[in-house]
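**Q** Take a look at the following structure, please.
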Amino acid sequence: MAVGWPWHIISTAPLASTMNSQADILLVGFGGSTPAPVLELVSQAVSKHGYQSIQPLRSQNFEYELLKAPYRTFLNTAAGKTTDNQLIIYNLPSSLTEYLSEASQKEASFIRSALFAGSNASAGQVIAFDASSNSFLGLDNSSSDIIDFIKTNPALSGSLACATLAALCALDSKATEQLLPATSQSDTVVLIGSGGREHALAVALAQSPLVKEVIVCPGNGGTKAEGGKISNAVDSDGNPISKQDNDTVLELVKRVNAKMVVVGPEQPLVDGVVDVLAAECPSVKVFGPSKAGAELEASKHGIPTAKYQNFTSADEAIAYVKSLDPNDRQVVKASGLAAGKGVLLPTTQEETIEAVKEIMSDKAFGAAGDTCVIESFMTGPEASCLAFCDGKTAVLMPAAQDHKRALDNDEGLNTGGMGAYAPAPCVTPEMHKEIEAMCIKTVEKMAERGTPYVGVLYAGMMLTPNGPSMLEYNCRFGDPETQVVLPLLETDLYEVMTACCDGKLDSIDVRFKENVSAATVVCAAKGYPEAYPKGMAIKGLDQAGSVDNVKVYHAGTKLDDENVTRCSGGRVLAVTGMGSNLTEALSASYKAVKQITFEDSNGDSLMHYRTDIAKGAIRKKLRIGVMGSTRGTALLPVMEAIANGSLHAEIVAVVSNRSKALILEKGKSLGVTVTTQFVSSKGLTRDQYDAECTSVLAGAGVEYLLLVGYMRILSKQFCDYWAGRCINVHPSLLPKHAGGMDLEVHQAVIDAKEPESGCTIHEVTEEVDGGPIVIQKVVKVDESDTAESLKSKVQALEGVAFIEAIQKKCKTTVSYADAGVSIDAGNSLVEMIKPACKATRRPGCDADLGGFGGLFDLAAAGYKSEDTIIIGATDGVGTKLRVAHMTKKHESVGIDLVAMCVNDLIVAGGEPLFFLDYFATGKLDVNEAAAVVKGIAEGCSQAGCGLIGGETAEMPSMYAPGDYDLAGFSVGAVHKDKVLPQNVSAGDVLLGLPSSGVHSNGFSLVRKLVEKANLDYESACPWDRNAGTVGDSLLTPTKIYVKCCLPLLKKDMLTGLSHITGGGLLENLPRSLPSNVKAEITGHPPLPAVFSWMKQTSGLDDYEMLRTFNNGVGMVLIVKSGVVDEAKALLREAGEDVVYDLGVLTERQGDEEQVEMKCSLA
């Protein structure tokens, strides 16, 4: 069956323009079916006999099915005819109505022409396939190689032609019988119902050549005015029938000698109309389930669904609601039949209780609310999936999506449906199969329990992050879904329904139009779904009906005595448009809607409709697939940009040729709905391997493909298939250094002494690195650069380049906002962080925000200007920010920023007075930025300084979406005679204060070590089980030493301080020592666990560790020898329970190292 999924549009032009198609293989008339024998034959023709090009003619699903194992074959429609032995594989129509269709007649004419031209050496070989026997006509042998068998049996060609022609003659004979009144089938159908759904059913049934008339009971104004084969039911006296009870229907069926009864709404099914007709009119076919089958609406047969409970007592239901987590949303349903309106969607626990009361106590839905269902609220897009059922199996129609809320933006009350569209883009080919399997399972279970289900099964699906889940089953066609699904049906509806009633659905090829979309807009009376007026004259129907590709279906309408169409219900019309895509279909529908008005006696318009039908589908996210062989580092910025909403796309598939490639882990981290798969190339040619990979991507609905470190040469077939839809990143500024890989490219740039390099995103073509350039990002090449360092610089841009390339693909227009800055977001941020900043007030500043600059009063802080030196310090957080980005934990890096600045101030003997920050980002995320600034405020509180201002810069062209950087600026004060270091001399004692962890230095190496250990930041922390994850441990904020050191400074106990940052103890301590002294380290503490792990993982010796990390000592105090004990006591009072006796200062001889380690790192 053709699903209509727009994952790849192939050339399926009308036969009139492709009768002389220059392809090696023509596949004619298969519709959505793809029989295994035909797939095998085509695959053999390509792999064994050199056929190259395949052209499907009205056979739309072959492209996808041929890609899959075991066939692994590309269509390659562009190759042209490469053989004189053209192969034409023709699907014999499975029914008379299919044969009589215009398209099928053109196909038959084409086949006859090919058969009669058989003596021509250049004519094609026709092989006809018979779906009823699942075999080729005229081939009785069991040869696995049909083409070879034909080649070795020349006479067989004529036999095949005769078999095909005989089958066509038999169909012509049946067609002749249909033309003769004495032998033709001319049936009367009674259709029960009066809504828009029934109008759409009537129109579709009337198109069948096997149907004489469709009598709608009771019908509406539209079915009455339709004319032709369609009429509303009248009684024996010619008066309109207004009822649809069992007795009325039974009398009508007998009187008009109906051959089939089609039940539209659910109420007659529950009333047992099918059972009554089966007993009283056993020869009449009834399309609809029995009364027992209709109970399906409230049952689910082992199908994934939400947690739910049924209640017949309002008190028990309310008690259950109160027992649930108040933050968990619920759906409240009337269990009985409520015409599709008995579903309430409260958002709070209080609203849920009110919904229960509305259904059970207030009886808002009548007896349907005697039993109430309370069900967990699931998230994800919804899809309406209708399936034809014959009691044994099911065939799923294209999925639709409807709009339940009354107002735009899905606001307002729930309704029966304000619009719909199909096919729904959110349901991929593989998901379609999964949902169809659920429907088949349900039908099989119904048969097992003795209640075969015949009719339409309506599966309301929620496409959750864990896969499709059942919201509800209904036993009817949906409304307004029917008005968009049936116009897509290509197969004769009456014949499909007959097959369902006869239990022979598998004998019918149920086809839907390919590359066609439908959308319907419901026109309702103002006030619906609450009280609304009736009786308004409907004007503009003729004008709306004359719009191309539009059909106006009536629901709540009636014709008055003067044949004026008037409103008689809440939902009045469903205006359906058709088009080659959803945009065209919507345009046609809305164009027609604008012709229509509902006028009251005063001439006022009382019509309401939604203006945003299918808005989400039109603006749907770009579905991205990824192929990679390595870590996929360049994919991380793309994932982050998608996660933070700055990239309107979603990753739906990740495929690798290596089973242990870390890029697969990145795919798995995105959830179970993302297809993440290793595809083995063992025993496959390049074309076959690429076809199988493409089948995985296509099955996931990939629209745009990224190659991220993919280490395979791609076939021409692959490049042709993905032409214009596949991009790759190359580590140079193409066309320079095309064809090279990895370090050799960067070395070539350096050897050529090029001043700049970069990366290029280009479309993938057969010519390696030769496709059109999409994006280039440039870096400067420094004289000191090596291939490795240049690679690091270029790699940092690859993710950004991918993001920009995807943004170009997503966007067709550019608005002013796209240039990038949200003033409102900036204002919101200021308001969010004001309380945190105010909490940092101290003497000298009020820490208020919003002005042009921050003010500080030195005198108020206790400093006289003539005796005071102002100290400034600035720093950042470095690549520790990348860990925060990856873990989405931003609260602690603000503390790091303050610490790196104020710890430097205290080393100079100064007291930190105030702090300013600089936050730069590609796209401002207010909550993220607020978390960072709140961390800065916390750091200022710990340091005793005021946060008096900052700058937030939103720069889309400078930073990738989701990225930000930080800089901090701190100012302190110190009396002129207290500046450190001062009078540092031999004999001074070195005390060490513990660090809180890695602090904020060395993270470029830290991140490499995490990667080397095959860990990620969500992995369990290997060096500290109590720390949670690797990310949690590494994000431990830098310790601030201000408040513990200030008391010692005020008592003149210190001659110097050294903040142990980048460069470690060996490089930072000498910065506080005069040239004539050296430090002898005799008591370095044991390495904390995190540093032991890093030492072991990196293989670094003590020397390299000591000049890279703080190794557990974050601040060194140089204390006058006579006050060491007092200094320790003051430190303990300030909360420093652990103080290390590191060593002493001694005289330095000559060019001795200024730090001498007399102990090892344990």
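Ligands are numbered from 1 in the order shown, chains are lettered A, B, ... in the order of the structure tokens, and residues start at 1 in each chain.
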Could you give me, as a CSV table (one decimal) with N, CA, C and O atoms, in the first residue's frame, the residues within 6 Å of segment 1023-1037 of chain A, counting only C-alpha atoms and dropping anything in the same chain fewer than 5 positions from it?
**A**
```csv
chain,number,residue,atom,x,y,z
A,892,SER,N,27.4,26.2,38.4
A,892,SER,CA,28.7,26.3,39.2
A,892,SER,C,29.8,27.1,38.4
A,892,SER,O,30.7,27.6,39.1
A,896,ASP,N,33.3,29.5,39.5
A,896,ASP,CA,34.6,29.4,38.9
A,896,ASP,C,35.1,30.7,38.4
A,896,ASP,O,36.3,31.1,38.7
A,1017,TYR,N,30.5,12.4,29.9
A,1017,TYR,CA,30.2,13.2,31.2
A,1017,TYR,C,29.0,12.7,32.0
A,1017,TYR,O,28.8,13.1,33.1
A,1018,GLU,N,28.3,11.8,31.4
A,1018,GLU,CA,27.2,11.1,32.1
A,1018,GLU,C,27.6,9.8,32.7
A,1018,GLU,O,26.8,9.1,33.4
A,1089,ALA,N,41.9,11.6,44.7
A,1089,ALA,CA,41.6,10.5,43.8
A,1089,ALA,C,41.5,11.0,42.3
A,1089,ALA,O,41.9,10.2,41.4
A,1090,VAL,N,41.0,12.2,42.1
A,1090,VAL,CA,40.8,12.6,40.7
A,1090,VAL,C,42.1,12.8,40.0
A,1090,VAL,O,42.3,12.4,38.8
```
**Q** When DSSP is applied to the backbone of this structure, which of segment 552-774 of chain A are assigned strand (DSSP E or B)? Write them out as number ranges by chain.
**A** A: 552-554, 557-559, 565-567, 571-579, 597-599, 605, 607-608, 622-628, 649-656, 675-678, 704-708, 726-730, 756-763, 773-774
**Q** Might you pull out every residue within 7 Å of segment 416-433 of chain A, with only C-alpha atoms counted and same-chain residues fewer than 3 positions away left off, and present them as a PyMOL selection string?
**A** chain A and resi 4-5+340-341+398-404+406+436-437+479-481+484-485+517-522+610+613-614+617+699-701
**Q** Output the selection as a tab-separated table (two decimals), in the first residue's frame - C-alpha atoms for each residue.
**A**
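Final output, result_19.tsv:
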```tsv
chain	number	residue	atom	x	y	z
A	4	GLY	CA	2.53	8.77	0.69
A	5	TRP	CA	5.53	9.49	2.91
A	340	GLY	CA	-15.38	11.95	19.41
A	341	LYS	CA	-15.91	14.78	21.92
A	398	PRO	CA	-2.10	7.11	5.18
A	399	ALA	CA	-1.90	8.62	8.64
A	400	ALA	CA	-3.72	11.89	9.23
A	401	GLN	CA	-3.44	14.57	11.86
A	402	ASP	CA	-6.38	16.61	13.10
A	403	HIS	CA	-6.83	19.73	15.20
A	404	LYS	CA	-9.12	19.27	18.20
A	406	ALA	CA	-11.44	25.33	18.73
A	436	GLU	CA	-0.23	-1.38	10.86
A	437	ALA	CA	1.14	-4.39	12.74
A	479	ASP	CA	-14.27	13.06	11.21
A	480	PRO	CA	-12.68	15.19	9.76
A	481	GLU	CA	-9.91	12.64	8.95
A	484	VAL	CA	-8.68	14.02	3.79
A	485	VAL	CA	-7.95	10.28	3.62
A	517	SER	CA	-1.65	15.67	-0.08
A	518	ALA	CA	-5.05	16.68	1.24
A	519	ALA	CA	-6.05	19.25	3.85
A	520	THR	CA	-9.47	20.17	5.19
A	521	VAL	CA	-10.60	23.25	7.10
A	522	VAL	CA	-13.77	22.99	9.17
A	610	ARG	CA	-9.00	28.08	12.36
A	613	ILE	CA	-4.38	24.08	10.06
A	614	ALA	CA	-1.23	22.00	9.42
A	617	ALA	CA	3.53	20.13	9.50
A	699	GLY	CA	12.98	4.14	6.72
A	700	ALA	CA	13.61	6.73	9.43
A	701	GLY	CA	12.39	9.49	7.14
```
**Q** Could you work out how far atom CA of Asp237 of chain A lies from atom CA of Arg255 of chain A, giving the answer in Å with one decimal?
**A**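 So the answer is 12.0 Å.
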**Q** Neighbours of Lys682 of chain A within 12 Å (only C-alpha atoms; same-chain residues fewer than 4 positions away dropped), as a CSV table (one decimal) with N, CA, C and O atoms, in the first residue's frame?
**A**
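Result saved to result30.csv:
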```csv
chain,number,residue,atom,x,y,z
A,657,ASN,N,29.5,2.3,9.9
A,657,ASN,CA,30.1,1.1,9.3
A,657,ASN,C,31.0,0.4,10.3
A,657,ASN,O,31.6,-0.6,10.0
A,658,ARG,N,31.1,1.0,11.5
A,658,ARG,CA,32.0,0.4,12.6
A,658,ARG,C,31.1,0.1,13.8
A,658,ARG,O,30.5,1.0,14.3
A,678,PHE,N,24.4,-0.1,13.4
A,678,PHE,CA,25.7,-0.5,12.7
A,678,PHE,C,25.3,-1.3,11.5
A,678,PHE,O,24.5,-2.3,11.6
A,686,ARG,N,30.2,-2.2,-2.9
A,686,ARG,CA,30.0,-0.9,-2.4
A,686,ARG,C,28.6,-0.4,-2.7
A,686,ARG,O,27.9,0.2,-1.8
A,688,GLN,N,25.9,-2.3,-2.9
A,688,GLN,CA,24.9,-3.0,-2.1
A,688,GLN,C,25.0,-2.4,-0.6
A,688,GLN,O,24.0,-2.3,0.0
A,689,TYR,N,26.2,-2.1,-0.2
A,689,TYR,CA,26.3,-1.6,1.2
A,689,TYR,C,25.7,-0.2,1.3
A,689,TYR,O,24.9,0.0,2.2
```
**Q** Nearest to Thr491 of chain A among A:Gly288, A:His199, A:Leu622, A:Glu98, with distances taken over only C-alpha atoms: which residue is it?
**A**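 So, comparing all the options, the nearest one is A:Glu98.
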**Q** I'd like to know which of A:Ser47, A:Thr393, A:Gln942, A:Thr1097 is closest to Met446 of chain A, using only C-alpha atoms.
**A**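 Using only C-alpha atoms, Met446 of chain A sits closest to A:Thr393.
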**Q** Any idea what's packed within 9 Å of Gly138 of chain A, counting only C-alpha atoms, ignoring anything in its chain fewer than 5 positions away? Could you give it as a PyMOL selection string?
**A** chain A and resi 127-128+156+159-164
**Q** Closest to Glu107 of chain A among A:Leu26, A:Ala368, A:Val332, A:Ala166, using only C-alpha atoms?
**A**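 So, comparing all the options, the nearest one is A:Leu26.
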**Q** Which value, in Å to one decimal, gives the distance between atom CA of Gly1150 of chain A and atom CA of Pro1074 of chain A?
**A**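 Rounded to one decimal, the two atoms are 13.0 Å apart.
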**Q** Excluding same-chain residues fewer than 6 positions from Thr1082 of chain A, what lies within 12 Å of it counting only C-alpha atoms, as an NGL selection string?
**A** :A and (989-992 or 1140-1145 or 1155-1161)
**Q** Please report the interatomic distance between atom CA of Gly799 of chain A and atom CA of His737 of chain A in Å with one decimal.
**A** 20.2 Å
**Q** Taking the backbone alone, and naming residues the way the document does, which bits of segment 233-412 of chain A are alpha helix (DSSP H) by DSSP, as a PyMOL selection string?
**A** chain A and resi 246-256+267-270+273-280+291-294+314-323+349-356
**Q** Just to be explicit: take each residue in the selection above, keep C-alpha atoms, and write the result as a PDB file, in the first residue's frame.
**A**
```
ATOM      1  CA  ASN A 246     -32.446  -0.061  13.560  1.00  0.00           C
ATOM      2  CA  ASP A 247     -36.080  -0.420  12.471  1.00  0.00           C
ATOM      3  CA  THR A 248     -35.827   2.527  10.092  1.00  0.00           C
ATOM      4  CA  VAL A 249     -32.622   1.218   8.539  1.00  0.00           C
ATOM      5  CA  LEU A 250     -33.961  -2.340   8.219  1.00  0.00           C
ATOM      6  CA  GLU A 251     -37.126  -1.183   6.462  1.00  0.00           C
ATOM      7  CA  LEU A 252     -35.118   1.016   4.088  1.00  0.00           C
ATOM      8  CA  VAL A 253     -32.623  -1.711   3.209  1.00  0.00           C
ATOM      9  CA  LYS A 254     -35.379  -4.162   2.356  1.00  0.00           C
ATOM     10  CA  ARG A 255     -37.410  -1.620   0.382  1.00  0.00           C
ATOM     11  CA  VAL A 256     -34.547  -0.428  -1.841  1.00  0.00           C
ATOM     12  CA  GLN A 267     -24.059   4.960  17.763  1.00  0.00           C
ATOM     13  CA  PRO A 268     -25.848   2.642  15.277  1.00  0.00           C
ATOM     14  CA  LEU A 269     -23.004   0.135  15.757  1.00  0.00           C
ATOM     15  CA  VAL A 270     -23.462   0.155  19.514  1.00  0.00           C
ATOM     16  CA  VAL A 273     -27.582  -2.406  13.573  1.00  0.00           C
ATOM     17  CA  VAL A 274     -25.020  -4.816  12.091  1.00  0.00           C
ATOM     18  CA  ASP A 275     -26.401  -7.695  14.156  1.00  0.00           C
ATOM     19  CA  VAL A 276     -29.994  -6.871  13.163  1.00  0.00           C
ATOM     20  CA  LEU A 277     -29.128  -6.745   9.476  1.00  0.00           C
ATOM     21  CA  ALA A 278     -27.171  -9.996   9.696  1.00  0.00           C
ATOM     22  CA  ALA A 279     -30.207 -11.727  11.130  1.00  0.00           C
ATOM     23  CA  GLU A 280     -32.881 -10.135   8.940  1.00  0.00           C
ATOM     24  CA  LYS A 291     -22.205  -4.738  18.546  1.00  0.00           C
ATOM     25  CA  ALA A 292     -19.539  -6.830  20.278  1.00  0.00           C
ATOM     26  CA  GLY A 293     -16.900  -5.563  17.892  1.00  0.00           C
ATOM     27  CA  ALA A 294     -17.943  -1.975  18.550  1.00  0.00           C
ATOM     28  CA  ALA A 314     -16.947   9.998  40.852  1.00  0.00           C
ATOM     29  CA  ASP A 315     -15.694   9.918  44.458  1.00  0.00           C
ATOM     30  CA  GLU A 316     -13.330   7.029  43.709  1.00  0.00           C
ATOM     31  CA  ALA A 317     -12.090   8.773  40.561  1.00  0.00           C
ATOM     32  CA  ILE A 318     -11.397  11.998  42.473  1.00  0.00           C
ATOM     33  CA  ALA A 319      -9.626  10.099  45.253  1.00  0.00           C
ATOM     34  CA  TYR A 320      -7.440   8.429  42.628  1.00  0.00           C
ATOM     35  CA  VAL A 321      -6.559  11.798  41.097  1.00  0.00           C
ATOM     36  CA  LYS A 322      -5.577  13.150  44.506  1.00  0.00           C
ATOM     37  CA  SER A 323      -3.302  10.137  45.055  1.00  0.00           C
ATOM     38  CA  GLN A 349      -4.710  18.437  39.414  1.00  0.00           C
ATOM     39  CA  GLU A 350      -7.539  20.842  40.227  1.00  0.00           C
ATOM     40  CA  GLU A 351      -8.628  20.943  36.596  1.00  0.00           C
ATOM     41  CA  THR A 352      -8.489  17.137  36.480  1.00  0.00           C
ATOM     42  CA  ILE A 353     -10.906  16.888  39.397  1.00  0.00           C
ATOM     43  CA  GLU A 354     -13.236  19.370  37.701  1.00  0.00           C
ATOM     44  CA  ALA A 355     -13.056  17.306  34.504  1.00  0.00           C
ATOM     45  CA  VAL A 356     -14.103  14.191  36.425  1.00  0.00           C
TER      46      VAL A 356
END
```
**Q** A:Phe110, A:Ser669, A:Cys719, A:Gly556: which is nearest Ser1019 of chain A, counting only C-alpha atoms?
**A**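 Residue with the minimum atom-to-atom distance to Ser1019 of chain A: A:Ser669.
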**Q** Could you tell me which of A:Ile440, A:Ala796, A:Ala585, A:Ala23 comes closest to Val395 of chain A if we count only C-alpha atoms?
**A**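 Of A:Ile440, A:Ala796, A:Ala585, A:Ala23, the one nearest Val395 of chain A is A:Ile440, counting only C-alpha atoms.
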**Q** Pick the closest to Asn515 of chain A from A:Met578, A:Ala861, A:Ala649, A:Ile727: which is it, counting only C-alpha atoms?
**A**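 Counting only C-alpha atoms, the residue closest to Asn515 of chain A is A:Met578.
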**Q** If we count only C-alpha atoms and set the cut-off at 9 Å, which residues sit around Ser1098 of chain A, ignoring sequence neighbours fewer than 5 positions away in its own chain? Please answer as a CSV table (one decimal) with C-alpha atoms, in the first residue's frame.
**A**
```csv
chain,number,residue,atom,x,y,z
A,1005,LEU,CA,43.9,17.7,28.9
A,1009,LEU,CA,41.7,11.9,29.2
A,1012,LYS,CA,40.8,8.3,26.0
A,1093,TRP,CA,43.2,8.8,38.1
```
